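**Student:** My structure is below; once you've seen it, I'll send some questions.
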Amino acid sequence: MSALLRVEELRVGFGRRGTGSVVDGVSFAVHAGRAVAIVGESGSGKSVTARTLVGLAGAGSWQTAEALEVLGKPAPLGAGPSSRAWRSIRGRQIGLVLQDALVSLDPLRPIGREIGDAIRLHTPLSAAQRTARVLELLEAVGMPDPAERIGQRSGELSGGQRQRALIAAGLAADPAVLIADEPTTALDTTVQAQILALFETVKARGTGLLFISHDLAVVSRIADEVLVMRAGRVVEQGPAAEVLGDPQHEYTKALLRAVPAGVPRGRRLSEGAGAPGAGAQDAVDAAAAASLEAPLDLMSGGSVLEVRDVRKTFAVRGRERGDVRVAVDGVSLEIARGTTLGLVGESGSGKTTLARMVLGLATPDSGEVLLDGAPWAPGPERLRRARRPLMGAVYQDALSSFDPRLTVGQILADALDVPGVRADPRDRHSPVAEPGSGARTYPSGRDAAGAEPTGANRAARADRVTGLLEDVGLAAETAGMRPIHLSGGQRQRVAIARALAPGPELLICDEPVSALDVSIQAQILDLFDELQRTRGLSYLFISHDLGVIRHMSDRVAVMKDGRIVEHGTTEAVFASPADAYTRTLLAAVLPPPGPARTL
Amino acid sequence: TADGAGTSGGGSAPSTPVAGGTLTYATGFGEPTCLDPHVGGNMPQALLGTNVLESLFSQDAEGAIVPWLATGATPSADGLSWDVALRDDVSFTDGTPFDAAAVAANVAHMKDPATESSTAILALGKVTSVEVVDPTTARFVLTEPDSALLESLAQTWLAMESPAGLARGMEANCEDPIGTGPFVVDSWTKQDNVTLSRNDSYNSSPAGAAHEGPAYLSTIVWRFIPDPATRFAALQSGQVDVIDEMQPDNVVTAQDAAASGGQLGVLTGALPGASIRLELNSGYAPFDDERVRKAFIASADVNPGIESLFFGTVDRSYSVLSSSTPFGASFEDDYAIDTDRANQLLDEAGWTGRDSEGYRTKDGARLTVDFPISTNQSIPAEQSLFEQIQATTKDVGFDVELHPLDLSSWYASLAAWDFGVTSAIYTKNSPDVLRILYDSANIIPAPSGYHPNHSHVSIPELDALLTTAGETNDQAERADAYQKAQKILADGAYVLPLYDHLQKIGYSTRVQGLSLLPTLQLPYLADSWVQQ
Amino acid sequence: MSVLPEGSVAAGWSGAAGSAGSSGPVGSAGSVAGRGSRRGRRLGLGVGQWVSLGFLLSLVLAAVWPGLLAPGDPLAIDPRAAFVPPGWGHPFGTDESGRDIYTRVVHGAAPSLVIGVAATAIGVGLALVLGMLAALAGRIVDFAVSRLLEVLFAFPGLLLALLVITVYGPGVVTSTVAVGLATAPGYARIIRSQTLSVAASPYIEAAVVLGKSRGRILARHILPNALVPVFVLVTLGVGQAIVWAAALSYLGLGAEPPAPEWGAMLFAGKNYVTSAWWMTFFPGLVIVLAAAATTVLGRALQKRGVR
Amino acid sequence: MSGVVGARRADARGWGPLLRGLLLRLAGAVFVLWAAATLTFFGLRLIPGDPAQALLGGPGSQASAEALAQVRAENGLDQPLILQYLAQLGRLATGDLGTSYAQKNSVLSIIGSQIGGTLLLAVLALAVAWLIALGLALWATRGGRIAAAVGSGLEIVAAAVPHFWLALVLVLIFSTTLRWLPAVSTSGPAGLVLPVLTLAIPLAGFLGQVIRESVLDALAAPFTLSARARGETENGIRWRHVLRHGALPGIALSGWAFGWLISGAVVVETVFARPGLGRTLLNAVQLRDVPLVVGVVLVVALGYVLVTVLTDGASRLADPRERAA
Ligand SMILES: Nc1ncnc2c1ncn2[C@@H]1O[C@H](COP(=O)(O)OP(=O)(O)OP(=O)(O)O)[C@@H](O)[C@H]1O
Ligand SMILES: Nc1ncnc2c1ncn2[C@@H]1O[C@H](COP(=O)(O)OP(=O)(O)OP(=O)(O)O)[C@@H](O)[C@H]1O
Ligand SMILES: [Mg+2]
Ligand SMILES: [Mg+2]
């Protein structure tokens, strides 16, 4: 059986021909009813490869290949992006589902038109027939109420629905090959499971599939063949079971190791302290033991955070007066000192809103939040300010949480320059305000009036900035750089360093690793883990990734529609979920890739 | 050079007049707010009114009074009443006959405060009422003799309107004044045009008209194009046939075009009344000192500017009366440029200091002369001339500060005597303009705050001369009095005459028979026709 | 006469906000590509930017030291050399009083630039107060200021300027103030929305979480970040302010003659447009070039500001 | 998903919020009109000069003291300012804009006779500006670097050209030299060409800059790539996708453009001797004709309010995101 799509020694670059290659010698073939997957970290050239296959590598690109055949015929690789030859391939022979589903549909046009475009361009069907076909397609991709959706625009659809519409558009003209670039990223697990099921039916109908993802679990479920890419090169390639089950290349191994799902709490995900091998396992075990001990010791301190029956509603614009959306609906939580509470739930379930109330950024409609047993929110910010150093926050989008004008050093110095910063972050009890008394002590080198630092102070400050950078594994030179010039992982480290600067007891982490590659995510998770052990920090850790939550948490709370539907120790919740929703959530989780792990 | 009143088409081969056709006239004088010249009384109204309304008298090219709707006038022996004999064959375009009762109604209308007249009421200052002696004789009753009465009555602002029309009330009459003239007002599209159509029963052409009877043109479209460059461009591109208020450079362009067989022609005529002149405010410092006034006049070198800015289209004037006004004089020697003398005069007057910018000072005060300019009345070339005066007087140490102002602000600063020197237009078809401008009585403002005597001239001898001249009907006596009066003004350096106010009409050669009515040098279109 | 279409600047900013908002594993590649193409656009204008900068610098030089570029006296009349067309002795020709137009254009740089800069400063200064008040002083103030702005917007700028001039009389100072006032509402809206978006940005929340006081957050984060785009506004605005001030001069409501101000020169020259085109052409050209050059530079700054 | 459900619910309820929005808008409009009238009334009363003078033919007229007193009494000008103001408001509320001092005619009828020309001019100029801006934007983003540089250069220069100067240059070229087009407005369409161009070209510069920016953004947007990946043609991409995105900020700008056009009309109507509101306004301000100025201001403010509502509506129609927000 000949390949539907075959490429050999594909090279793509930007700039002068032959220079700046971002894809360097990729070869594979897609056969009918089979799926090829490309995995690799961000920037490894996956998307460029996919786009080059339909002649859309991008402005200023060059591309060469020993062979590029679509349905047995050579593709017009050198032709311009808008050449007629390419246009007859696009949509008709190869359907491409772009990476960014949320913005890949024209927000001003109904999705019916968007999907119908491919049919209009490649088939002689009449308008009425097209509509019928679009309905059929929407049905096929599992879109609820297709007849109604057909007239809606992407802004009126949820992320999962948009992704499905996009897939429908890719399939509209019934192409022989479907290329799907990260079609499940940023989707809730439940929705992700539906989309994967859809791909399986597509595959079963004989369509060839080129599937791009950085999620190894997803790849292991759907792919027949896997290419592992790194910096534009294929480092390992072969049948899925072999590559994922018995990886040969170090990079593949590292990738697999970095997947947190199924890795017990306290074990490192990334390479670091210990060398790989038997000895490393000991180190990991020792660390694990330490991490297990520490919480016990600290439990005696009682709960650092207590959330009592908080509720938050938002007025909904454009509807009748008094119409509200309940974002958080009577949630109570408690975090014991030195432990992590994991909070999961699908998009829109109220996780962020809850975190904002805990941070004192949003005022609860009712209920209260206690920090260290003392009232924290609601209440005027003035009263909270003195105890602010006790609580830090790490966000999903680190970049936008930095003042764009400041360098890393300035950002950290700023964070140190607040009243109540403790000289020794580990000395966590000193600055607690006596409730009711306005008096405070300022043990740090800074005087109460908040005067600008003196020369000596400035040097000390610089030292502390360097120290903070070291703590999160960044070089001292980073202080002079601007966040915009850092990588995603580095930015998240700076964010963590900033949160650590005032010497907090509790960190609120809202999806802190969702924007990161698995390998980077692994490093950051390890960092969180290490900081907890060395400093006895407590975490409220929010994620929609059950694997991450399971790896990080002592206790887990599951949120749905603003309520906590299940709450318990990690083992209990994962082993025997009591709530139906939790069970659906867990059922949708893919088994971790690679050789079975011992739990 | 100015060729005085004349008619167009004189140079080209004479052709026979054709009846019918439309002529488009574009005026730069602005759009009247009311077409009835009795109300207010300004140039835009007179321009349009000349083709719709007619006066009792007219003037010939020499300025002598000739009959029009009136056939003659006889003063009483004491000069306190005039019997004006009227034509008996003229009707207004609404059918109302023109008679003594109509004259009486018109005078009553002009003198009625509700009419809000300013020009006519001033001209009729000595008239108390008009009595109807018989249908063809109207008797003007005066409080004191007025030798300028007939000249006043010749002005369009005192033209005759249908009593029935006047009775309609101000609003209607403003839209459509009814006269005896060659055209009637057809419609008025505000800010765009007034359309005039022919009066087919017209039978009262003024003396000197080229033909009797109805006009040739069937329609006149009277447009308002304030921007002079646009106006000229419209003439050049054939969109309009006649324009007024031509820029001097355009006059030259058009004359050159005409000389080389082009399609344009120019018609000029010096407006009667006062020349274009600078009035030095002798009532207040620094021009209350005659030596300073003389120094100013001796240093304001205007001749080169008048030549270059006006391209030789106007003549320098050396008297306050324009050359087209009867009894106008010329005192060239009094206006010689002499910088040394100017400096000497200023030194004598105590302006001996000089500040860092080279301006003269006295007791620490700078020799500043405020010069408000009415941007509505002074044409751009004139304003440039003022800039040149500013530059040349600076050499002897004057700090002339030019303030271009809109009409309201300009009047306001004049009313407050808040100026050193200014330029104002006063068009009147009689040397009697001197009385209005320089009689000490006119220093005292009218109720509106306006005082025509901007120079603040208060000389009993001059007052007496002007009164005599205004009352006597002896032409020799008038001539002598006006001559002396002009000399007094020249000697006292109250005024710096610049040049005659020139009416500059541009026309396309499609238009024939265009002429200016001598009274106010306004275009008269009853004799004009257009080549089809 | 709001100097700029607010959308123009706002569009740039919202674009920036959008790309910052959609960063993620996925968005990052996209925004890299976006930045790449922006850089491409900037390269395309590189020459234009240099030329603009050079032109503006020479204008500033002309304003500071006009004698260097044109040693003559801009007020010296010579009626016998009036209306000389452009040529060797007079590169831009002479005007109706024989003054050298080149000299006047050079000496006119100072008043024109000062008017442009001062008007923009007035407009932006007022707008800063209004915009920041509206954005930061609470809902009631915001409501009041926003209504006020709406009312001011309902007055076409030239009308507002005309009213100001009618009340206070024509002249350089009044027309500068008038242009400033007329442009303020447009700026105020932009500044208000910019300040609001800065105040709502995650890094402000991050500062709150760190326990910074309101005053410190205002001084250290909100003001500087809200002010950065104001630079762009000012640059874009100066050129337009020069144009509008010239429009007032053109209507005879600006600088008093014979000051060598560009708008006033145009006003004086328009009457001779058919016979001496150079009298209007060159001052007009300089106005256009000055406005265009500031726009080019303003846009360049704006793109750089977009990060 | 809840968002979608919500959207459907809102549709079902339909009229309630719509009505409330409409009422709010109306209240806002009334406020703007009131404030505009008040500002103008007191603004003009600050001017030195007596309105009674203006009524009697302006300064320089030799009105007698009695006549002035009579006119003052007739027009209530002897009342305290605040009473005059209230009286004026009362008249305005009943739709009576009063009588022009200078033109002795009802302000409403003056405006009525002038507004048509200005509207025609403004609408045509806006349309032409749109055409030029869209055309230029689409052309400049299609060609290579040179087209882009030329396009943006043209836009910037166009936006920098003062219309009073542009008018002179256009007249010089097309009327005086080439004699193709009339220099002053005529009743026929030919007379409209130069005035419309004078207003449209600078506006096109502004619109073009904004439109081109968003056309470029749309061209670089993932949905365009996604359309290309479906095999869409270049023309298809422009017509089906880019054009609308390019137009959106232009629509939003049209409210601003209205004010700009009215300002421009003052100059253009003067230069081309066209009747219209702009020229009426300039004259009225110079003559201190308070009722006429207030009337024109009110009409312009009303126009602005209407245009804002229209552009809001238009961008809501064109952009569902607006509706969701
Ligand atoms: N249009 C372009 N111009 C220049 N460089 C580009 C362009 N598109 C992509 N690149 C570069 O090519 C490299 C590969 O990008 P690509 O989008 O293929 O990565 P990826 O593997 O899909 O990453 P991700 O997982 O983040 O989607 C990156 O370094 C990127 O910066
Ligand atoms: N400022 C706000 N105004 C109105 N509604 C809001 C606001 N903030 C949040 N909501 C609504 O509250 C609900 C909960 O939102 P929240 O951001 O807390 O969800 P989340 O669990 O963090 O979701 P995600 O996983 O997508 O981040 C959502 O329906 C959201 O639309
Ligand atoms: Mg990718
Ligand atoms: Mg969230």
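Quick note on naming: the chains in the structure tokens go A, B, ... in the order shown, residues restart at 1 in each chain, and ligands are numbered from 1 in order of appearance.
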Which chains and residue numbers are within 10 Å of ligand 4, counting only C-alpha atoms and all ligand atoms, if I want them as a list in words?

**Tutor:**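 Those residues are Gly345, Glu346, Ser347, Gly348, Ser349, Gly350, Lys351, Thr352, Thr353, Leu354, Ala355, Arg356, Tyr395, Gln396, Asp510, Glu511, Ile542, Ser543 and His544 of chain A.
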
**Student:** Which residues are near ligand 3 in this structure, taking near to mean any atom at most 8 Å from a ligand atom and counting only C-alpha atoms and all ligand atoms? Format them as an mmCIF file with C-alpha atoms, in the first residue's frame.

**Tutor:**
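Result saved to result_17.cif:
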```cif
data_model
loop_
_atom_site.group_PDB
_atom_site.id
_atom_site.type_symbol
_atom_site.label_atom_id
_atom_site.label_comp_id
_atom_site.auth_asym_id
_atom_site.auth_seq_id
_atom_site.Cartn_x
_atom_site.Cartn_y
_atom_site.Cartn_z
ATOM 1 C CA SER A 42 7.978 23.898 22.259
ATOM 2 C CA GLY A 43 9.887 25.365 19.350
ATOM 3 C CA GLY A 45 9.691 22.586 14.693
ATOM 4 C CA LYS A 46 6.533 20.514 14.849
ATOM 5 C CA SER A 47 4.161 23.160 13.596
ATOM 6 C CA VAL A 48 6.533 24.363 10.925
ATOM 7 C CA GLN A 99 -2.629 24.722 16.524
ATOM 8 C CA ASP A 181 -1.604 20.388 15.311
ATOM 9 C CA GLU A 182 -2.050 20.187 19.072
ATOM 10 C CA ILE A 212 1.150 16.773 16.655
ATOM 11 C CA VAL C 26 0.767 27.722 21.756
ATOM 12 C CA ALA C 29 5.115 30.727 18.715
#
```

**Student:** For Pro523 (chain B), list every protein, DNA or RNA residue within 10 Å, evaluated using only C-alpha atoms, and leave out those in the same chain fewer than 6 positions away; present the list as a list in words.

**Tutor:**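 Surrounding residues, per the criterion: Thr7, Leu47, Leu48, Thr50, Asn51, Val242, Asp244, Leu267, Thr268, Gly269, Gln503, Lys504, Ile505, Leu514, Ser515, Leu516 and Leu517 of chain B.
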
**Student:** At a cut-off of 7 Å, using only C-alpha atoms, what residues contact region 117-133 of chain D? Leave out same-chain residues fewer than 4 positions from it and give the result as a PyMOL selection string.

**Tutor:** chain D and resi 137+196-197+199-201+203-205+207-208+261+275-277

**Student:** At a cut-off of 6 Å, list the chain D residues touching chain C, using only C-alpha atoms, as a list in words.

**Tutor:**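 Written out as asked, the residues are Val32, Ile47, Ile156, Val157, Ala160, Val161, Pro162, Val210, Gly259, Trp260, Ser263, Ala301 and Tyr304 of chain D.
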
**Student:** Based on the selection just made, write all heavy atoms of those residues as a short mmCIF file (atom, residue, chain, number, x, y, z; two decimals), in the first residue's frame.

**Tutor:**
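Listing of out_18.cif after writing:
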```cif
data_model
loop_
_atom_site.label_atom_id
_atom_site.label_comp_id
_atom_site.auth_asym_id
_atom_site.auth_seq_id
_atom_site.Cartn_x
_atom_site.Cartn_y
_atom_site.Cartn_z
N VAL D 32 -26.18 65.25 26.92
CA VAL D 32 -25.17 65.87 26.05
C VAL D 32 -25.71 67.14 25.41
O VAL D 32 -25.06 68.17 25.38
CB VAL D 32 -24.71 64.87 24.96
CG1 VAL D 32 -23.93 65.58 23.88
CG2 VAL D 32 -23.87 63.77 25.59
N ILE D 47 -18.62 86.79 25.93
CA ILE D 47 -18.03 87.65 24.92
C ILE D 47 -18.41 89.09 25.20
O ILE D 47 -19.57 89.38 25.47
CB ILE D 47 -18.55 87.27 23.53
CG1 ILE D 47 -18.21 85.83 23.25
CG2 ILE D 47 -17.97 88.17 22.48
CD1 ILE D 47 -18.88 85.34 22.02
N ILE D 156 0.18 58.55 5.51
CA ILE D 156 0.69 59.50 6.49
C ILE D 156 0.68 60.92 5.93
O ILE D 156 0.25 61.86 6.58
CB ILE D 156 2.10 59.08 6.94
CG1 ILE D 156 1.98 57.88 7.88
CG2 ILE D 156 2.82 60.22 7.64
CD1 ILE D 156 3.27 57.29 8.31
N VAL D 157 1.09 61.03 4.66
CA VAL D 157 1.08 62.37 4.06
C VAL D 157 -0.35 62.87 3.93
O VAL D 157 -0.66 64.02 4.26
CB VAL D 157 1.80 62.36 2.70
CG1 VAL D 157 1.58 63.67 1.98
CG2 VAL D 157 3.28 62.11 2.91
N ALA D 160 -1.60 64.17 6.98
CA ALA D 160 -0.90 65.38 7.44
C ALA D 160 -1.30 66.62 6.65
O ALA D 160 -1.00 67.73 7.05
CB ALA D 160 0.60 65.16 7.35
N VAL D 161 -1.98 66.43 5.53
CA VAL D 161 -2.29 67.58 4.68
C VAL D 161 -3.43 68.38 5.29
O VAL D 161 -4.50 67.84 5.53
CB VAL D 161 -2.70 67.13 3.27
CG1 VAL D 161 -3.13 68.32 2.44
CG2 VAL D 161 -1.55 66.43 2.60
N PRO D 162 -3.20 69.65 5.57
CA PRO D 162 -4.30 70.48 6.05
C PRO D 162 -5.30 70.69 4.93
O PRO D 162 -4.88 70.94 3.79
CB PRO D 162 -3.64 71.82 6.42
CG PRO D 162 -2.17 71.62 6.24
CD PRO D 162 -1.95 70.41 5.41
N VAL D 210 -5.46 53.24 10.18
CA VAL D 210 -6.09 52.32 11.11
C VAL D 210 -6.50 51.04 10.40
O VAL D 210 -6.29 49.93 10.89
CB VAL D 210 -7.32 53.01 11.74
CG1 VAL D 210 -8.03 52.05 12.65
CG2 VAL D 210 -6.88 54.23 12.48
N GLY D 259 -17.27 64.50 13.62
CA GLY D 259 -16.82 65.78 14.16
C GLY D 259 -15.76 66.40 13.27
O GLY D 259 -15.76 67.60 13.01
N TRP D 260 -14.87 65.55 12.81
CA TRP D 260 -13.78 66.02 11.97
C TRP D 260 -14.33 66.63 10.69
O TRP D 260 -13.89 67.68 10.22
CB TRP D 260 -12.88 64.83 11.66
CG TRP D 260 -11.56 65.20 11.08
CD1 TRP D 260 -10.41 65.43 11.77
CD2 TRP D 260 -11.26 65.39 9.70
NE1 TRP D 260 -9.41 65.75 10.91
CE2 TRP D 260 -9.90 65.73 9.62
CE3 TRP D 260 -12.00 65.30 8.54
CZ2 TRP D 260 -9.27 65.99 8.43
CZ3 TRP D 260 -11.37 65.56 7.33
CH2 TRP D 260 -10.02 65.89 7.29
N SER D 263 -15.83 70.03 11.32
CA SER D 263 -14.75 71.02 11.40
C SER D 263 -14.25 71.36 10.01
O SER D 263 -14.03 72.52 9.67
CB SER D 263 -13.58 70.47 12.23
OG SER D 263 -13.94 70.38 13.58
N ALA D 301 -24.36 68.51 17.80
CA ALA D 301 -24.26 67.57 18.91
C ALA D 301 -25.24 66.42 18.71
O ALA D 301 -24.91 65.25 18.93
CB ALA D 301 -24.54 68.28 20.23
N TYR D 304 -23.85 64.18 16.25
CA TYR D 304 -22.78 63.36 16.82
C TYR D 304 -23.38 62.18 17.59
O TYR D 304 -22.95 61.05 17.44
CB TYR D 304 -21.91 64.21 17.74
CG TYR D 304 -20.88 63.41 18.48
CD1 TYR D 304 -19.71 63.02 17.84
CD2 TYR D 304 -21.10 63.00 19.78
CE1 TYR D 304 -18.78 62.26 18.50
CE2 TYR D 304 -20.17 62.24 20.45
CZ TYR D 304 -19.01 61.88 19.81
OH TYR D 304 -18.10 61.11 20.47
#
```

**Student:** Please provide the set of residues having any atom within 6 Å of Ser100 (chain D), restricted to only C-alpha atoms, with same-chain residues fewer than 5 positions apart removed, written as a ChimeraX atom specification.

**Tutor:** /D:105,107,291-292

**Student:** Counting only C-alpha atoms, which residues of chain B come no farther than 10 Å from chain C, as an NGL selection string?

**Tutor:** :B and (227-230 or 232-233 or 247-250 or 252-253 or 302-310 or 375 or 379-381 or 383-392 or 401-406 or 409)

**Student:** Please dump the current selection as a short mmCIF file (atom, residue, chain, number, x, y, z; two decimals), in the first residue's frame; keep N, CA and C atoms.

**Tutor:**
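What follows is the written file out_10.cif:
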```cif
data_model
loop_
_atom_site.label_atom_id
_atom_site.label_comp_id
_atom_site.auth_asym_id
_atom_site.auth_seq_id
_atom_site.Cartn_x
_atom_site.Cartn_y
_atom_site.Cartn_z
N ASP B 227 -14.09 84.08 -0.81
CA ASP B 227 -12.65 83.93 -0.98
C ASP B 227 -12.21 84.50 -2.33
N PRO B 228 -11.33 85.52 -2.32
CA PRO B 228 -10.98 86.18 -3.59
C PRO B 228 -10.31 85.25 -4.59
N ALA B 229 -9.45 84.37 -4.10
CA ALA B 229 -8.76 83.47 -5.03
C ALA B 229 -9.76 82.55 -5.69
N THR B 230 -10.70 82.05 -4.90
CA THR B 230 -11.73 81.17 -5.45
C THR B 230 -12.60 81.93 -6.46
N PHE B 232 -11.81 84.45 -8.31
CA PHE B 232 -11.10 84.65 -9.57
C PHE B 232 -10.99 83.34 -10.34
N ALA B 233 -10.73 82.26 -9.59
CA ALA B 233 -10.64 80.96 -10.25
C ALA B 233 -11.97 80.63 -10.92
N GLN B 247 -8.60 90.94 -6.66
CA GLN B 247 -7.27 91.17 -6.10
C GLN B 247 -6.42 91.89 -7.14
N PRO B 248 -5.54 92.77 -6.69
CA PRO B 248 -4.72 93.50 -7.66
C PRO B 248 -3.95 92.58 -8.60
N ASP B 249 -3.38 91.50 -8.06
CA ASP B 249 -2.61 90.62 -8.95
C ASP B 249 -3.51 89.98 -9.98
N ASN B 250 -4.77 89.72 -9.59
CA ASN B 250 -5.70 89.14 -10.55
C ASN B 250 -6.08 90.16 -11.62
N VAL B 252 -4.11 92.30 -12.85
CA VAL B 252 -3.02 92.26 -13.81
C VAL B 252 -3.11 91.01 -14.68
N THR B 253 -3.38 89.87 -14.02
CA THR B 253 -3.52 88.63 -14.78
C THR B 253 -4.60 88.78 -15.84
N VAL B 302 5.05 104.57 1.76
CA VAL B 302 4.05 103.67 1.20
C VAL B 302 4.09 103.55 -0.32
N ASN B 303 4.74 104.50 -0.99
CA ASN B 303 4.67 104.47 -2.45
C ASN B 303 5.20 103.18 -3.08
N PRO B 304 6.39 102.68 -2.67
CA PRO B 304 6.85 101.44 -3.30
C PRO B 304 5.86 100.30 -3.09
N GLY B 305 5.29 100.24 -1.91
CA GLY B 305 4.34 99.18 -1.61
C GLY B 305 3.09 99.31 -2.45
N ILE B 306 2.58 100.54 -2.58
CA ILE B 306 1.37 100.71 -3.37
C ILE B 306 1.64 100.28 -4.81
N GLU B 307 2.83 100.61 -5.29
CA GLU B 307 3.15 100.18 -6.66
C GLU B 307 3.22 98.66 -6.79
N SER B 308 3.95 98.02 -5.87
CA SER B 308 4.16 96.59 -6.05
C SER B 308 2.93 95.78 -5.64
N LEU B 309 2.28 96.17 -4.57
CA LEU B 309 1.16 95.37 -4.09
C LEU B 309 -0.05 95.50 -5.00
N PHE B 310 -0.18 96.70 -5.59
CA PHE B 310 -1.37 96.90 -6.41
C PHE B 310 -1.03 96.86 -7.89
N THR B 375 -10.48 92.80 9.26
CA THR B 375 -10.21 91.85 8.17
C THR B 375 -11.36 91.80 7.18
N ILE B 379 -8.67 94.85 2.36
CA ILE B 379 -8.33 93.74 1.49
C ILE B 379 -6.90 93.30 1.79
N PRO B 380 -6.54 92.07 1.41
CA PRO B 380 -5.22 91.54 1.77
C PRO B 380 -4.07 92.44 1.34
N ALA B 381 -4.16 92.99 0.12
CA ALA B 381 -3.04 93.83 -0.34
C ALA B 381 -2.87 95.01 0.61
N GLN B 383 -3.65 95.02 3.78
CA GLN B 383 -3.04 94.54 5.02
C GLN B 383 -1.54 94.37 4.84
N SER B 384 -1.13 93.93 3.65
CA SER B 384 0.31 93.82 3.41
C SER B 384 0.95 95.19 3.42
N LEU B 385 0.22 96.19 2.88
CA LEU B 385 0.74 97.55 2.89
C LEU B 385 0.95 98.01 4.33
N PHE B 386 0.00 97.65 5.20
CA PHE B 386 0.13 98.03 6.61
C PHE B 386 1.39 97.38 7.22
N GLU B 387 1.64 96.14 6.81
CA GLU B 387 2.86 95.48 7.31
C GLU B 387 4.09 96.25 6.86
N GLN B 388 4.02 96.77 5.64
CA GLN B 388 5.18 97.53 5.15
C GLN B 388 5.32 98.84 5.90
N ILE B 389 4.18 99.45 6.23
CA ILE B 389 4.24 100.67 7.03
C ILE B 389 4.87 100.37 8.38
N GLN B 390 4.47 99.24 8.92
CA GLN B 390 5.06 98.81 10.18
C GLN B 390 6.58 98.70 10.06
N ALA B 391 7.03 98.11 8.93
CA ALA B 391 8.46 97.90 8.76
C ALA B 391 9.20 99.23 8.55
N THR B 392 8.63 100.16 7.76
CA THR B 392 9.39 101.39 7.48
C THR B 392 9.38 102.35 8.67
N GLU B 401 1.88 97.90 16.16
CA GLU B 401 1.39 96.54 16.40
C GLU B 401 0.10 96.31 15.65
N LEU B 402 0.16 95.38 14.71
CA LEU B 402 -1.01 95.11 13.87
C LEU B 402 -1.91 94.10 14.57
N HIS B 403 -3.20 94.40 14.62
CA HIS B 403 -4.16 93.46 15.21
C HIS B 403 -5.29 93.21 14.22
N PRO B 404 -5.20 92.14 13.44
CA PRO B 404 -6.33 91.84 12.56
C PRO B 404 -7.52 91.37 13.40
N LEU B 405 -8.66 91.98 13.19
CA LEU B 405 -9.82 91.67 14.03
C LEU B 405 -11.05 91.44 13.16
N ASP B 406 -11.96 90.64 13.69
CA ASP B 406 -13.24 90.54 12.98
C ASP B 406 -14.02 91.83 13.23
N SER B 409 -15.08 92.92 16.82
CA SER B 409 -13.98 93.29 17.72
C SER B 409 -13.33 94.60 17.26
#
```

**Student:** Work out how far CA of Gly179 (chain B) is from CA of Glu161 (chain B), in Å to one decimal.

**Tutor:**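 Spanning CA of Glu161 (chain B) to CA of Gly179 (chain B) is a straight-line distance of 4.6 Å.
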
**Student:** Please, which residues of chain A lie no more than 6 Å from chain C when the count uses only C-alpha atoms, and can they be set out as a ChimeraX atom specification?

**Tutor:** /A:385,388,400-403,515

**Student:** Pick from D:Val71, D:Ala247, D:Leu92, D:Val297: nearest to chain B, with only C-alpha atoms counted?

**Tutor:**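 Looking at the shortest contact to chain B, the residue is D:Val71.
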
**Student:** Go through D:Gly43, D:Gly264, D:Pro249, D:Pro222 and flag the residue nearest ligand 1, using only C-alpha atoms and all ligand atoms for the distances.

**Tutor:**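 Between D:Gly43, D:Gly264, D:Pro249, D:Pro222, the residue approaching ligand 1 most closely is D:Pro222.
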